[in-house]
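Some notes on the structure that comes next.
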Amino acid sequence: MDRFVSVYNDEIEYNFPKKINIYDTTLRDGEQTPDVYFSTDEKLDIARKLDELGVDQIEAGFPRVSENEKQSVKKIANEGLDAGIICLTRTKKEDIDAALDADVDGIITFMGLSDLHLDVKMNKPRDEVYEICMNAIDYGKDHGLFVAFSAEDATRTELPKLLDIYSQAQEHKADRIHIADTTGSINPEAMKYLVSEIKKHINVEIALHCHNDFGMAVPNCISGLQVGASAISTTVNGIGERAGNTSLEELTMALKLLYNKDLGFKTEIINELSQMVSKYSQIPIAYNKPIVGNNIFRHESGIHVDAIVKNPLAYEPFIPEMIGTKRQIVLGKHSGKAAVAEKLDTLKIKVDDAKLLEIVNLVKEERERGELITNEKFNEILKKADIQ
């Protein structure tokens, strides 16, 4: 058995769409994290690994930003990946032309539509702004692109205004409409309400682009999926502006293991992908980060280790091999005989119970003096115990 999650999960009926489309924006919104820059080669590495994982679309960048950015997107678009390659554009002809030059399959064209965004960024009447949006959709469709229209700051925009713009986008043949929770300020119950209301009036695919300012990005996406959304924007390690975006690995594994909704991804490369993005972005992964944090399969407590040696699922909901990593037993103040015996076994050292207890006590003493029990330190402990 490679997993053991709550027995109560199966008592609930979930209403997920048959197909969930993941469009990953690590290379666009992820790179908008302050101080993050991916080179073209790094972008290609990440895109190839996302494709190997099995994501449906890769949002490769924002071609209008610079000539170098456009060329990076173009290289990804011409890499021959199975994933569709899309990019971000403003509702401007020159942005869409840059996307066309980059050979992408499609675009996400966006406009901030809350009263606050219109006032701060556009200073134009709403009707005029809507016309600009529709012209962009038409231009993209006329040039053979997949066109998604995103209402930036949608979760702070009144419902009648959203329904108006989404209905127009549908009439202009947009392939997908996006609900952007730009400030991460909606909760899961409210997301269910919003998606349900939009679903009553809109027949095109609904996507969710959620930010994580309150730690709600993953639950907000899962809530939306159950009432009509079928596409989700993610980033590896949840990187992105401010608190980041919906974490690709957290969403994938939560759906797979907690909701029995397998996306068909090659999950055993998740850890490798996570480490790659961490290296290239220079953003360390928090030790307690769900799914991919260093401590997720790392154990010290004697009570825990004793059980894990017998059956890892006693204290793990799934085995580390599912995401391509390994379990670690750490020696320290809370270690017991099972942990030390496991360490000795890896060194092919056999001792009696009395000597084992002596080593356990030496480990605790060293750790309480502030020493980390590294391999070198453990060898010193063995010498103190007269074991060569």
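Each chain in the structure tokens gets a letter, A, B and so on, in the order shown; residues start at 1 in every chain, and ligands are counted from 1 in the order they appear.
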Residues at most 9 Å from Ser230 (chain A), counting only C-alpha atoms, excluding those fewer than 4 positions away in the same chain, as number ranges by chain?
-> A: 16-22, 205-208, 224-226
Requested write-out: C-alpha atoms of the selected residues, as a CSV table (one decimal), in the first residue's frame:
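Output contents, as saved in out06.csv:
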chain,number,residue,atom,x,y,z
A,16,PHE,CA,-15.5,17.1,-10.2
A,17,PRO,CA,-15.5,17.6,-13.9
A,18,LYS,CA,-14.4,14.6,-15.9
A,19,LYS,CA,-11.4,16.4,-17.3
A,20,ILE,CA,-9.5,19.0,-15.3
A,21,ASN,CA,-7.1,21.2,-17.3
A,22,ILE,CA,-4.0,22.5,-15.6
A,205,GLU,CA,-14.8,26.7,-20.0
A,206,ILE,CA,-14.3,28.4,-16.6
A,207,ALA,CA,-10.7,28.7,-15.3
A,208,LEU,CA,-9.5,29.8,-11.9
A,224,GLY,CA,-14.5,26.0,-7.7
A,225,LEU,CA,-13.8,22.7,-9.5
A,226,GLN,CA,-16.8,21.1,-7.7
Contacts of region 346-358 of chain A at 7 Å or less, counting only C-alpha atoms, minus same-chain residues fewer than 4 places along, as an NGL selection string?
-> :A and (337 or 342 or 362)
Within 12 Å of Glu69 (chain A), counting only C-alpha atoms, which residues qualify if same-chain residues fewer than 3 places away don't, as a PyMOL selection string?
-> chain A and resi 27-28+31+37-41+43+60-66+72-76+87-88+98-99+101-102
Got a sec to tell me which of region 102-292 of chain A DSSP assigns to strand (DSSP E), as a VMD selection string?
-> chain A and resid 106 to 112 146 to 152 176 to 181 205 to 210 231 to 234
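Considering only region 299-330 of chain A, backbone DSSP assigns helix (DSSP H, G or I) to A:Gly302, A:Ile303, A:His304, A:Val305, A:Asp306, A:Ala307, A:Ile308, A:Val309, A:Lys310, A:Pro312, A:Leu313, A:Ala314, A:Pro320, A:Glu321, A:Met322, A:Ile323.
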